[in-house]
$ cat model.cif   # mmCIF, C-alpha atoms
data_coords
loop_
_atom_site.label_atom_id
_atom_site.label_comp_id
_atom_site.auth_asym_id
_atom_site.auth_seq_id
_atom_site.Cartn_x
_atom_site.Cartn_y
_atom_site.Cartn_z
CA MET A 1100 -61.29 -41.99 91.80
CA ILE A 1101 -61.16 -40.73 88.26
CA SER A 1102 -57.42 -40.40 88.44
CA SER A 1103 -56.90 -44.01 89.52
CA ASN A 1104 -59.27 -45.12 86.75
CA LEU A 1105 -57.36 -43.00 84.31
CA LEU A 1106 -54.09 -44.44 85.57
CA ASN A 1107 -55.37 -47.97 84.88
CA PHE A 1108 -56.45 -46.98 81.40
CA VAL A 1109 -53.12 -45.36 80.63
CA LEU A 1110 -51.08 -48.27 81.99
CA ARG A 1111 -53.15 -50.81 80.08
CA ASN A 1112 -52.45 -48.94 76.86
CA GLY A 1113 -48.77 -48.66 77.67
CA ASP A 1114 -48.69 -52.42 78.33
CA ASP A 1115 -50.33 -53.27 74.97
CA ARG A 1116 -47.66 -51.35 73.16
CA LEU A 1117 -44.67 -52.42 75.22
CA ILE A 1118 -45.44 -56.10 74.77
CA LEU A 1119 -46.25 -55.77 71.07
CA SER A 1120 -43.05 -53.83 70.50
CA HIS A 1121 -41.12 -56.58 72.25
CA ARG A 1122 -42.66 -59.23 70.01
CA LEU A 1123 -41.76 -57.17 66.95
CA ALA A 1124 -38.26 -56.52 68.27
CA GLU A 1125 -37.72 -60.28 68.49
CA LEU A 1126 -37.79 -60.27 64.69
CA CYS A 1127 -34.75 -58.05 64.47
CA GLY A 1128 -32.32 -60.05 62.36
CA HIS A 1129 -34.93 -62.76 61.76
CA ALA A 1130 -37.46 -61.28 59.35
CA PRO A 1131 -37.74 -63.05 56.00
CA ILE A 1132 -35.97 -60.32 54.06
CA LEU A 1133 -33.72 -57.42 54.96
CA GLU A 1134 -36.17 -54.67 54.01
CA GLU A 1135 -38.95 -56.28 56.02
CA ASP A 1136 -36.58 -56.71 58.94
CA ILE A 1137 -36.02 -52.96 58.92
CA ALA A 1138 -39.72 -52.25 58.45
CA LEU A 1139 -40.77 -54.43 61.40
CA THR A 1140 -38.13 -53.13 63.77
CA ASN A 1141 -39.05 -49.62 62.70
CA ILE A 1142 -42.63 -50.36 63.66
CA ALA A 1143 -41.37 -51.88 66.92
CA LEU A 1144 -39.60 -48.61 67.72
CA ASP A 1145 -42.72 -46.57 66.91
CA VAL A 1146 -44.84 -48.78 69.13
CA LEU A 1147 -42.26 -48.63 71.92
CA GLY A 1148 -42.29 -44.85 71.64
CA GLN A 1149 -46.04 -44.90 72.10
CA ALA A 1150 -45.67 -47.15 75.15
CA ILE A 1151 -43.25 -44.62 76.62
CA LEU A 1152 -45.75 -41.80 76.09
CA PHE A 1153 -48.41 -43.71 78.01
CA TYR A 1154 -45.99 -44.77 80.77
CA LYS A 1155 -44.68 -41.24 81.17
CA TYR A 1156 -48.21 -40.02 81.65
CA ALA A 1157 -48.82 -42.82 84.14
CA ALA A 1158 -45.77 -41.70 86.11
CA GLU A 1159 -47.11 -38.16 86.05
CA LEU A 1160 -50.51 -39.31 87.32
CA GLU A 1161 -48.96 -41.40 90.09
CA ASN A 1162 -46.56 -38.59 90.94
CA ASN A 1163 -44.47 -40.68 93.32
CA GLY A 1164 -41.11 -40.81 91.62
CA LYS A 1165 -41.69 -43.71 89.24
CA SER A 1166 -40.38 -43.51 85.71
CA GLU A 1167 -41.44 -45.29 82.53
CA ASP A 1168 -38.70 -47.84 83.20
CA TYR A 1169 -40.39 -48.86 86.43
CA TYR A 1170 -43.53 -49.94 84.58
CA ALA A 1171 -41.57 -51.89 81.99
CA TYR A 1172 -38.98 -53.53 84.20
CA LYS A 1173 -40.19 -53.69 87.76
CA ARG A 1174 -43.66 -55.17 87.51
CA ASN A 1175 -44.69 -58.81 87.51
CA GLU A 1176 -46.83 -60.72 85.07
CA ARG A 1177 -50.11 -60.17 86.90
CA GLU A 1178 -49.55 -56.43 86.95
CA PHE A 1179 -49.41 -56.26 83.17
CA LYS A 1180 -52.87 -55.66 81.73
CA ASN A 1181 -52.09 -55.96 78.02
CA LEU A 1182 -54.32 -57.69 75.51
CA LEU A 1183 -53.65 -61.40 75.09
CA LEU A 1184 -53.38 -60.74 71.35
CA VAL A 1185 -50.14 -58.79 71.56
CA GLU A 1186 -48.28 -61.43 73.57
CA GLN A 1187 -48.99 -64.23 71.07
CA PRO A 1188 -45.74 -65.54 69.63
CA ASN A 1189 -44.24 -65.04 66.19
CA GLU A 1190 -45.11 -68.55 65.01
CA ASP A 1191 -44.34 -67.56 61.45
CA PHE A 1192 -44.46 -64.41 59.35
CA ALA A 1193 -48.21 -64.81 58.76
CA TYR A 1194 -48.83 -64.70 62.54
CA VAL A 1195 -46.78 -61.53 62.76
CA ILE A 1196 -48.83 -59.91 60.01
CA ALA A 1197 -52.24 -61.10 61.20
CA ARG A 1198 -51.55 -59.99 64.78
CA GLN A 1199 -50.30 -56.65 63.56
CA PHE A 1200 -53.20 -56.14 61.18
CA TYR A 1201 -55.83 -56.89 63.85
CA PHE A 1202 -54.09 -54.57 66.27
CA ASP A 1203 -53.30 -51.75 63.82
CA THR A 1204 -56.91 -51.62 62.64
CA TYR A 1205 -58.14 -51.45 66.22
CA GLU A 1206 -55.52 -48.89 67.17
CA TYR A 1207 -56.34 -46.68 64.24
CA PHE A 1208 -60.04 -46.39 65.11
CA PHE A 1209 -59.18 -46.18 68.80
CA TYR A 1210 -56.84 -43.21 68.30
CA GLU A 1211 -59.32 -41.58 65.95
CA GLU A 1212 -61.72 -41.38 68.89
CA LEU A 1213 -59.09 -40.80 71.54
CA ILE A 1214 -57.99 -37.59 69.81
CA ASN A 1215 -61.28 -36.07 71.00
CA SER A 1216 -60.46 -36.85 74.63
CA LYS A 1217 -61.24 -34.10 77.10
CA ASP A 1218 -57.93 -34.96 78.74
CA LYS A 1219 -55.37 -32.89 76.86
CA GLN A 1220 -52.47 -35.24 77.48
CA ILE A 1221 -54.43 -38.25 76.22
CA SER A 1222 -55.57 -36.32 73.19
CA ALA A 1223 -51.99 -35.26 72.43
CA ILE A 1224 -50.71 -38.84 72.69
CA ALA A 1225 -53.41 -39.99 70.27
CA GLU A 1226 -52.73 -37.22 67.82
CA LYS A 1227 -49.02 -37.93 67.75
CA SER A 1228 -49.44 -41.70 67.55
CA ILE A 1229 -52.13 -41.96 64.90
CA LYS A 1230 -49.70 -40.76 62.23
CA GLU A 1231 -47.48 -43.73 62.96
CA THR A 1232 -50.41 -46.09 63.18
CA LYS A 1233 -51.65 -45.06 59.74
CA TYR A 1234 -48.38 -46.22 58.31
CA HIS A 1235 -48.36 -49.45 60.32
CA LEU A 1236 -51.86 -50.20 59.09
CA ARG A 1237 -50.92 -49.53 55.49
CA HIS A 1238 -47.99 -51.92 55.88
CA SER A 1239 -49.87 -54.74 57.56
CA THR A 1240 -52.87 -54.38 55.23
CA GLN A 1241 -50.60 -54.68 52.21
CA TRP A 1242 -49.08 -57.84 53.61
CA MET A 1243 -52.52 -59.32 54.35
CA LEU A 1244 -53.27 -58.91 50.66
CA TYR A 1245 -49.94 -60.30 49.48
CA LEU A 1246 -50.12 -63.37 51.68
CA GLY A 1247 -53.85 -64.00 51.42
CA ASP A 1248 -53.96 -63.58 47.68
CA GLY A 1249 -50.46 -64.98 47.11
CA THR A 1250 -49.37 -68.59 46.82
CA GLU A 1251 -51.20 -71.59 48.24
CA GLU A 1252 -48.61 -71.78 50.98
CA SER A 1253 -48.88 -68.13 51.98
CA HIS A 1254 -52.66 -68.29 51.82
CA ASN A 1255 -52.79 -71.36 54.08
CA ARG A 1256 -50.39 -69.87 56.57
CA LEU A 1257 -52.27 -66.61 56.79
CA THR A 1258 -55.57 -68.45 57.10
CA ASN A 1259 -54.16 -70.45 60.03
CA ALA A 1260 -52.83 -67.32 61.69
CA CYS A 1261 -56.05 -65.36 61.23
CA ASN A 1262 -58.12 -68.26 62.51
CA TYR A 1263 -55.98 -68.82 65.56
CA LEU A 1264 -55.69 -65.18 66.55
CA TRP A 1265 -59.37 -64.42 65.99
CA MET A 1266 -60.35 -65.52 69.49
CA TYR A 1267 -58.02 -62.89 70.93
CA THR A 1268 -59.67 -59.99 69.14
CA GLY A 1269 -62.83 -59.76 71.29
CA GLU A 1270 -60.86 -58.47 74.24
CA MET A 1271 -60.00 -55.27 72.36
CA PHE A 1272 -63.60 -54.10 72.60
CA GLN A 1273 -64.39 -54.82 76.22
CA ASN A 1274 -64.87 -51.70 78.28
CA GLN A 1275 -63.54 -52.30 81.78
CA ASP A 1276 -65.63 -51.35 84.81
CA ASP A 1277 -63.30 -48.53 85.72
CA ASP A 1278 -63.56 -47.17 82.18
CA LEU A 1279 -67.22 -46.29 82.51
CA PRO A 1280 -66.89 -43.00 84.41
CA LEU A 1281 -64.13 -41.97 82.00
CA ILE A 1282 -66.33 -42.74 79.01
CA GLU A 1283 -69.16 -40.70 80.53
CA GLN A 1284 -66.85 -37.74 80.95
CA GLY A 1285 -65.58 -37.93 77.38
CA ILE A 1286 -62.04 -38.81 78.44
CA ILE A 1287 -61.87 -42.15 76.68
CA PRO A 1288 -63.92 -43.70 73.86
CA ASP A 1289 -66.60 -46.34 74.26
CA LEU A 1290 -65.02 -49.43 72.74
CA ASN A 1291 -68.44 -50.72 71.67
CA GLN A 1292 -68.51 -47.96 69.12
CA ILE A 1293 -65.14 -48.91 67.70
CA LYS A 1294 -66.05 -52.56 67.26
CA PRO A 1295 -68.37 -52.22 64.21
CA LYS A 1296 -65.80 -50.05 62.42
CA TRP A 1297 -63.14 -52.63 63.13
CA ILE A 1298 -65.29 -55.53 61.96
CA ASP A 1299 -66.16 -53.65 58.79
CA ALA A 1300 -62.56 -52.73 57.96
CA VAL A 1301 -61.18 -56.17 58.79
CA SER A 1302 -63.90 -57.92 56.77
CA LYS A 1303 -63.16 -55.81 53.71
CA VAL A 1304 -59.47 -56.63 53.75
CA LYS A 1305 -60.15 -60.29 54.42
CA GLU A 1306 -62.50 -60.44 51.50
CA GLU A 1307 -59.98 -58.83 49.20
CA ALA A 1308 -57.29 -61.15 50.55
CA GLN A 1309 -59.50 -64.18 49.75
CA LEU A 1310 -59.79 -65.10 53.41
CA GLY A 1311 -63.02 -66.44 54.83
CA LYS A 1312 -65.57 -64.63 56.90
CA TYR A 1313 -65.32 -64.66 60.64
CA ASP A 1314 -68.02 -64.58 63.26
CA PRO A 1315 -67.50 -61.68 65.66
CA ASN A 1316 -69.85 -63.38 68.10
CA SER A 1317 -67.83 -66.58 68.32
CA PHE A 1318 -66.04 -67.55 71.51
CA MET A 1319 -63.49 -64.96 72.59
CA GLN A 1320 -60.62 -65.32 75.03
CA LYS A 1321 -60.24 -62.79 77.77
CA GLY A 1322 -58.16 -62.22 80.87
CA GLY A 1323 -55.30 -59.99 79.76
CA ARG A 1324 -57.08 -56.90 81.05
CA GLN A 1325 -57.33 -58.59 84.47
CA GLY A 1326 -53.70 -59.68 84.47
CA ASN A 1327 -54.50 -63.31 83.62
CA HIS A 1328 -52.19 -64.07 80.74
CA THR A 1329 -51.37 -66.84 78.34
CA GLU A 1330 -48.23 -68.83 79.04
CA TYR A 1331 -46.23 -66.50 76.81
CA LEU A 1332 -46.12 -63.29 78.81
CA GLY A 1333 -43.95 -64.69 81.60
CA HIS A 1334 -41.33 -65.72 79.07
CA ILE A 1335 -41.40 -62.30 77.44
CA LEU A 1336 -40.90 -60.61 80.80
CA SER A 1337 -38.16 -62.96 81.94
CA GLU A 1338 -36.15 -62.03 78.88
CA MET A 1339 -37.06 -58.35 78.90
CA GLN A 1340 -36.52 -57.80 82.62
CA TYR A 1341 -33.55 -60.09 83.19
CA LEU A 1342 -30.85 -57.45 83.03
CA THR A 1343 -32.44 -54.88 85.30
CA ARG A 1344 -33.50 -57.57 87.75
CA ALA A 1345 -30.04 -59.15 87.85
CA TYR A 1346 -28.16 -55.86 87.91
CA PRO A 1347 -30.45 -53.29 89.50
CA ASN A 1348 -29.74 -49.72 88.41
CA ALA A 1349 -27.22 -50.90 85.81
CA LYS A 1350 -26.35 -48.20 83.31
CA TRP A 1351 -25.11 -48.67 79.77
CA MET B 54 -29.60 -69.18 44.93
CA SER B 55 -29.69 -65.43 44.50
CA ASP B 56 -30.18 -63.27 47.58
CA THR B 57 -33.85 -62.67 46.87
CA GLN B 58 -36.61 -63.39 44.41
CA TRP B 59 -37.82 -59.84 44.56
CA LYS B 60 -37.05 -57.19 42.01
CA LEU B 61 -34.61 -54.41 42.73
CA TRP B 62 -35.90 -50.82 42.79
CA GLU B 63 -33.93 -47.60 42.69
CA VAL B 64 -34.92 -45.02 45.28
CA PHE B 65 -34.93 -41.25 44.90
CA VAL B 66 -35.65 -38.96 47.80
CA GLN B 67 -36.58 -35.30 47.70
CA LEU B 68 -35.71 -33.49 50.90
CA LYS B 69 -37.31 -30.14 50.09
CA THR B 70 -39.98 -28.97 47.70
CA GLY B 71 -38.33 -27.55 44.60
CA LYS B 72 -35.09 -29.46 45.14
CA PRO B 73 -34.30 -32.43 42.93
CA HIS B 74 -35.05 -36.02 43.86
CA GLU B 75 -31.69 -37.54 44.62
CA HIS B 76 -30.70 -41.15 44.24
CA VAL B 77 -30.10 -42.67 47.66
CA GLY B 78 -29.82 -46.38 46.96
CA ASN B 79 -32.05 -49.34 46.25
CA VAL B 80 -34.44 -51.77 47.88
CA HIS B 81 -35.94 -55.14 47.08
CA ALA B 82 -39.71 -55.34 46.72
CA PRO B 83 -42.32 -57.38 44.87
CA ASP B 84 -44.20 -54.33 43.60
CA ALA B 85 -44.21 -50.54 43.59
CA GLU B 86 -46.31 -50.16 46.74
CA LEU B 87 -43.95 -52.21 48.89
CA ALA B 88 -40.95 -50.62 47.17
CA ILE B 89 -42.19 -47.24 48.37
CA GLN B 90 -42.84 -48.57 51.87
CA ASN B 91 -39.43 -50.21 52.02
CA ALA B 92 -37.77 -47.08 50.67
CA ARG B 93 -39.51 -45.10 53.39
CA ASP B 94 -38.27 -47.49 56.08
CA VAL B 95 -34.72 -47.78 54.79
CA TYR B 96 -33.99 -44.27 53.55
CA ALA B 97 -36.47 -41.88 55.09
CA ARG B 98 -36.69 -42.73 58.76
CA ARG B 99 -34.23 -40.14 60.02
CA ASP B 100 -34.49 -37.23 57.58
CA LYS B 101 -37.89 -35.87 56.80
CA PRO B 102 -38.36 -36.01 53.04
CA VAL B 103 -41.27 -34.53 51.16
CA SER B 104 -41.36 -37.11 48.39
CA ILE B 105 -40.03 -40.51 47.38
CA TRP B 106 -39.72 -41.96 43.89
CA VAL B 107 -39.02 -45.60 43.13
CA ALA B 108 -38.45 -47.20 39.77
CA PRO B 109 -37.49 -50.75 38.77
CA SER B 110 -33.71 -50.97 38.46
CA GLU B 111 -34.10 -52.86 35.21
CA CYS B 112 -35.57 -49.69 33.66
CA PHE B 113 -32.29 -47.84 34.05
CA SER B 114 -29.55 -47.88 31.46
CA ALA B 115 -26.16 -46.74 32.56
CA THR B 116 -22.71 -46.05 31.24
CA THR B 117 -19.97 -48.43 32.26
CA PRO B 118 -16.45 -47.47 33.32
CA LYS B 119 -15.12 -48.51 29.93
CA ASP B 120 -17.26 -45.78 28.35
CA ASN B 121 -15.59 -43.13 30.44
CA GLU B 122 -12.74 -42.35 28.13
CA ALA B 123 -14.93 -41.77 25.10
CA PHE B 124 -17.79 -40.16 26.97
CA PHE B 125 -16.25 -37.94 29.54
CA ASP B 126 -12.59 -37.20 28.89
CA PRO B 127 -13.05 -34.80 25.92
CA VAL B 128 -15.06 -32.28 27.91
CA ASP B 129 -12.14 -31.35 30.07
CA ASP B 130 -9.62 -30.04 27.56
CA LYS B 131 -11.61 -27.50 25.59
CA ILE B 132 -11.81 -24.35 27.52
CA TYR B 133 -14.22 -22.80 24.99
CA ARG B 134 -16.88 -25.33 25.99
CA HIS B 135 -17.24 -23.60 29.30
CA PRO B 136 -19.10 -20.33 29.65
CA LEU B 137 -16.23 -18.60 31.33
CA PHE B 138 -15.90 -15.57 29.04
CA TYR B 139 -18.91 -13.64 30.11
CA LYS B 140 -18.72 -10.75 32.48
CA ILE B 141 -21.29 -11.31 35.15
CA PRO B 142 -23.17 -8.19 36.15
CA LYS B 143 -22.89 -7.09 39.72
CA GLY B 144 -25.60 -8.35 42.00
CA VAL B 145 -26.10 -11.62 40.09
CA SER B 146 -25.14 -14.54 42.20
CA VAL B 147 -23.62 -17.49 40.44
CA ASP B 148 -23.55 -20.98 41.73
CA ILE B 149 -20.72 -22.71 39.87
CA GLU B 150 -19.66 -25.97 41.40
#
$ encode --input "model.cif" --output "structure tokens"
Amino acid sequence: MISSNLLNFVLRNGDDRLILSHRLAELCGHAPILEEDIALTNIALDVLGQAILFYKYAAELENNGKSEDYYAYKRNEREFKNLLLVEQPNEDFAYVIARQFYFDTYEYFFYEELINSKDKQISAIAEKSIKETKYHLRHSTQWMLYLGDGTEESHNRLTNACNYLWMYTGEMFQNQDDDLPLIEQGIIPDLNQIKPKWIDAVSKVKEEAQLGKYDPNSFMQKGGRQGNHTEYLGHILSEMQYLTRAYPNAKW
Amino acid sequence: MSDTQWKLWEVFVQLKTGKPHEHVGNVHAPDAELAIQNARDVYARRDKPVSIWVAPSECFSATTPKDNEAFFDPVDDKIYRHPLFYKIPKGVSVDIE
């Protein structure tokens, strides 16, 4: 029982990172300036690496011959349990930054707790990943400040992005039913305890970036954790999975 | 239109404590914080440095090739400028490039 709950938790976390890394990878060659292009694809590679760590552990838990590639390439939309936030498109650079900032802040506090996991593998993944996440957070926070406290145009764009993406942030803090026994056993953190830290950190940056206040109790979208996605995930998967679906077992 | 509105920064990377910071190239950035971040992403993602310096390119003055004759040629033809006449005691290691 615990192991299937743990498997769900691990897969969900792999999915968050795989899909986010794909969104970031889409910016390769398209970021507004060369240095930022490299920075974002660098972050994409870090996040992909974290996805692989979770998927590898999932394969180990399932112990039936699957590899990390199976989880990325052979599953359908409904089987992905990632947050709706990470599949939202790169409407403009402000969306990229706002999405990243919301997620990095969450991920930082999440890993900070996850390091204490009684499951050694989980704890090791968190300890390795949090170093990367600290850098990602520093990067996205800096950009929140530049754009928010920048020109009228950058401020308006970031305000739009932050407003739009806000409704996708509530899902980050919803414990799933199958998480509860894991929380009780100290294997995974209670997301309710991460939420106030996240709200506090996000509010501080928003204030400094001259962005308005947001109501954490406003309407929040959900469904990603149940496999009910926005229209975007299918398109991501069709692009990401095309090659392996069209040419099974292709090697390059 | 120029390639960017951002300033150019020179990047120096130190690979080991005690070793010098070496110039590795430059990056564009609006301020020092992002210059450091960009330098990290562009020049430090494969090696593992211990320190990065950045400085605005405009702060550097440099010789130009036309200075070379006056600046650098004379050093080569006066053997007495080089400390080559000392006997080095045994056991002292010398690192002459």
$ resolve_selection --input "model.cif" --expression "the PyMOL selection byres ((chain A) within 8 of (chain B))" --output "list in words"
Ile1132, Glu1134, Glu1135, Ile1137, Ala1138, Asn1141, His1238 and Gln1241 of chain A
$ resolve_selection --input "model.cif" --expression "the PyMOL selection byres ((chain B and resi 66-71) around 10)" --output "PDB file with C-alpha atoms, in the frame of the given file"
ATOM      1  CA  VAL B  64     -34.920 -45.020  45.280  1.00  0.00           C
ATOM      2  CA  PHE B  65     -34.930 -41.250  44.900  1.00  0.00           C
ATOM      3  CA  LYS B  72     -35.090 -29.460  45.140  1.00  0.00           C
ATOM      4  CA  PRO B  73     -34.300 -32.430  42.930  1.00  0.00           C
ATOM      5  CA  HIS B  74     -35.050 -36.020  43.860  1.00  0.00           C
ATOM      6  CA  GLU B  75     -31.690 -37.540  44.620  1.00  0.00           C
ATOM      7  CA  HIS B  76     -30.700 -41.150  44.240  1.00  0.00           C
ATOM      8  CA  VAL B  77     -30.100 -42.670  47.660  1.00  0.00           C
ATOM      9  CA  GLY B  78     -29.820 -46.380  46.960  1.00  0.00           C
ATOM     10  CA  ALA B  92     -37.770 -47.080  50.670  1.00  0.00           C
ATOM     11  CA  ARG B  93     -39.510 -45.100  53.390  1.00  0.00           C
ATOM     12  CA  TYR B  96     -33.990 -44.270  53.550  1.00  0.00           C
ATOM     13  CA  ALA B  97     -36.470 -41.880  55.090  1.00  0.00           C
ATOM     14  CA  ASP B 100     -34.490 -37.230  57.580  1.00  0.00           C
ATOM     15  CA  LYS B 101     -37.890 -35.870  56.800  1.00  0.00           C
ATOM     16  CA  PRO B 102     -38.360 -36.010  53.040  1.00  0.00           C
ATOM     17  CA  VAL B 103     -41.270 -34.530  51.160  1.00  0.00           C
ATOM     18  CA  SER B 104     -41.360 -37.110  48.390  1.00  0.00           C
ATOM     19  CA  ILE B 105     -40.030 -40.510  47.380  1.00  0.00           C
ATOM     20  CA  TRP B 106     -39.720 -41.960  43.890  1.00  0.00           C
ATOM     21  CA  VAL B 107     -39.020 -45.600  43.130  1.00  0.00           C
TER      22      VAL B 107
END
$ atom_distance --input "model.cif" --atom1 "CA of Tyr1194 in chain A" --atom2 "CA of Asp1114 in chain A"
20.0 Å
$ atom_distance --input "model.cif" --atom1 "CA of Ala1349 in chain A" --atom2 "CA of Arg1116 in chain A"
24.0 Å
$ resolve_selection --input "model.cif" --expression "the PyMOL selection byres ((chain A and resi 1155-1171) around 10)" --output "tab-separated table (two decimals) with C-alpha atoms, in the coordinates of the input"
chain	number	residue	atom	x	y	z
A	1102	SER	CA	-57.42	-40.40	88.44
A	1103	SER	CA	-56.90	-44.01	89.52
A	1105	LEU	CA	-57.36	-43.00	84.31
A	1106	LEU	CA	-54.09	-44.44	85.57
A	1107	ASN	CA	-55.37	-47.97	84.88
A	1108	PHE	CA	-56.45	-46.98	81.40
A	1109	VAL	CA	-53.12	-45.36	80.63
A	1110	LEU	CA	-51.08	-48.27	81.99
A	1111	ARG	CA	-53.15	-50.81	80.08
A	1113	GLY	CA	-48.77	-48.66	77.67
A	1114	ASP	CA	-48.69	-52.42	78.33
A	1117	LEU	CA	-44.67	-52.42	75.22
A	1118	ILE	CA	-45.44	-56.10	74.77
A	1149	GLN	CA	-46.04	-44.90	72.10
A	1150	ALA	CA	-45.67	-47.15	75.15
A	1151	ILE	CA	-43.25	-44.62	76.62
A	1152	LEU	CA	-45.75	-41.80	76.09
A	1153	PHE	CA	-48.41	-43.71	78.01
A	1154	TYR	CA	-45.99	-44.77	80.77
A	1172	TYR	CA	-38.98	-53.53	84.20
A	1173	LYS	CA	-40.19	-53.69	87.76
A	1174	ARG	CA	-43.66	-55.17	87.51
A	1175	ASN	CA	-44.69	-58.81	87.51
A	1178	GLU	CA	-49.55	-56.43	86.95
A	1179	PHE	CA	-49.41	-56.26	83.17
A	1220	GLN	CA	-52.47	-35.24	77.48
A	1221	ILE	CA	-54.43	-38.25	76.22
A	1224	ILE	CA	-50.71	-38.84	72.69
A	1336	LEU	CA	-40.90	-60.61	80.80
A	1339	MET	CA	-37.06	-58.35	78.90
A	1340	GLN	CA	-36.52	-57.80	82.62
A	1343	THR	CA	-32.44	-54.88	85.30
$ closest_residue --input "model.cif" --among "A:Lys1350, A:His1254, A:Lys1233, A:His1334" --to "Phe1202 in chain A" --atoms "all atoms listed in the file"
A:Lys1233
$ residues_around --input "model.cif" --residues "range 1258-1266 of chain A" --least-positions-apart "2" --cutoff "9 Å" --atoms "all atoms listed in the file" --output "list of chain:residue names"
A:Leu1184, A:Gln1187, A:Glu1190, A:Asp1191, A:Ala1193, A:Tyr1194, A:Val1195, A:Ile1196, A:Ala1197, A:Arg1198, A:Tyr1201, A:Gly1247, A:Ser1253, A:His1254, A:Asn1255, A:Arg1256, A:Thr1268, A:Gly1269, A:Glu1270, A:Leu1310, A:Gly1311, A:Tyr1313, A:Pro1315, A:Ser1317, A:Phe1318, A:Met1319, A:Gln1320, A:Lys1321
$ atom_distance --input "model.cif" --atom1 "CA of Ser1337 in chain A" --atom2 "CA of Pro1131 in chain A"
25.9 Å
$ closest_residue --input "model.cif" --among "A:Glu1306, A:Glu1330, A:Glu1186, A:Asp1299" --to "Thr1204 in chain A" --atoms "only C-alpha atoms"
A:Asp1299
$ residues_around --input "model.cif" --residues "Pro109 in chain B" --least-positions-apart "5" --cutoff "8 Å" --atoms "only C-alpha atoms" --output "count of residues only"
4
$ axis_aligned_box --input "model.cif" --around "range 1284-1292 of chain A" --padding-each-side "5 Å" --output "lines of an AutoDock Vina configuration file"
center_x = -65.2
center_y = -44.2
center_z = 75.0
size_x = 16.6
size_y = 23.0
size_z = 21.8
$ residues_around --input "model.cif" --residues "Leu1279 in chain A" --least-positions-apart "6" --cutoff "10 Å" --atoms "only C-alpha atoms" --output "NGL selection string"
:A and (1104 or 1285-1289)
$ build_atoms --input "model.cif" --residues "range 129-139 of chain B" --atoms "N, CA, C and O atoms" --output "PDB file, in the frame of the given file"
ATOM      1  N   ASP B 129     -13.002 -32.034  29.142  1.00  0.00           N
ATOM      2  CA  ASP B 129     -12.140 -31.350  30.070  1.00  0.00           C
ATOM      3  C   ASP B 129     -11.110 -30.427  29.404  1.00  0.00           C
ATOM      4  O   ASP B 129     -10.627 -29.492  30.017  1.00  0.00           O
ATOM      5  N   ASP B 130     -10.773 -30.730  28.154  1.00  0.00           N
ATOM      6  CA  ASP B 130      -9.620 -30.040  27.560  1.00  0.00           C
ATOM      7  C   ASP B 130      -9.996 -28.957  26.555  1.00  0.00           C
ATOM      8  O   ASP B 130      -9.176 -28.505  25.796  1.00  0.00           O
ATOM      9  N   LYS B 131     -11.235 -28.573  26.505  1.00  0.00           N
ATOM     10  CA  LYS B 131     -11.610 -27.500  25.590  1.00  0.00           C
ATOM     11  C   LYS B 131     -12.225 -26.366  26.376  1.00  0.00           C
ATOM     12  O   LYS B 131     -13.409 -26.375  26.718  1.00  0.00           O
ATOM     13  N   ILE B 132     -11.402 -25.426  26.627  1.00  0.00           N
ATOM     14  CA  ILE B 132     -11.810 -24.350  27.520  1.00  0.00           C
ATOM     15  C   ILE B 132     -13.010 -23.592  26.960  1.00  0.00           C
ATOM     16  O   ILE B 132     -13.863 -23.087  27.683  1.00  0.00           O
ATOM     17  N   TYR B 133     -13.119 -23.550  25.611  1.00  0.00           N
ATOM     18  CA  TYR B 133     -14.220 -22.800  24.990  1.00  0.00           C
ATOM     19  C   TYR B 133     -15.570 -23.476  25.167  1.00  0.00           C
ATOM     20  O   TYR B 133     -16.601 -22.934  24.818  1.00  0.00           O
ATOM     21  N   ARG B 134     -15.588 -24.686  25.685  1.00  0.00           N
ATOM     22  CA  ARG B 134     -16.880 -25.330  25.990  1.00  0.00           C
ATOM     23  C   ARG B 134     -17.520 -24.747  27.247  1.00  0.00           C
ATOM     24  O   ARG B 134     -18.698 -24.960  27.497  1.00  0.00           O
ATOM     25  N   HIS B 135     -16.710 -24.102  28.030  1.00  0.00           N
ATOM     26  CA  HIS B 135     -17.240 -23.600  29.300  1.00  0.00           C
ATOM     27  C   HIS B 135     -17.582 -22.117  29.193  1.00  0.00           C
ATOM     28  O   HIS B 135     -16.858 -21.365  28.562  1.00  0.00           O
ATOM     29  N   PRO B 136     -18.666 -21.719  29.774  1.00  0.00           N
ATOM     30  CA  PRO B 136     -19.100 -20.330  29.650  1.00  0.00           C
ATOM     31  C   PRO B 136     -18.343 -19.429  30.615  1.00  0.00           C
ATOM     32  O   PRO B 136     -18.920 -18.849  31.533  1.00  0.00           O
ATOM     33  N   LEU B 137     -17.059 -19.326  30.368  1.00  0.00           N
ATOM     34  CA  LEU B 137     -16.230 -18.600  31.330  1.00  0.00           C
ATOM     35  C   LEU B 137     -15.849 -17.205  30.830  1.00  0.00           C
ATOM     36  O   LEU B 137     -15.075 -16.507  31.460  1.00  0.00           O
ATOM     37  N   PHE B 138     -16.365 -16.814  29.664  1.00  0.00           N
ATOM     38  CA  PHE B 138     -15.900 -15.570  29.040  1.00  0.00           C
ATOM     39  C   PHE B 138     -16.909 -14.449  29.150  1.00  0.00           C
ATOM     40  O   PHE B 138     -16.775 -13.422  28.537  1.00  0.00           O
ATOM     41  N   TYR B 139     -17.919 -14.695  29.925  1.00  0.00           N
ATOM     42  CA  TYR B 139     -18.910 -13.640  30.110  1.00  0.00           C
ATOM     43  C   TYR B 139     -18.586 -12.842  31.352  1.00  0.00           C
ATOM     44  O   TYR B 139     -18.159 -13.416  32.362  1.00  0.00           O
TER      45      TYR B 139
END
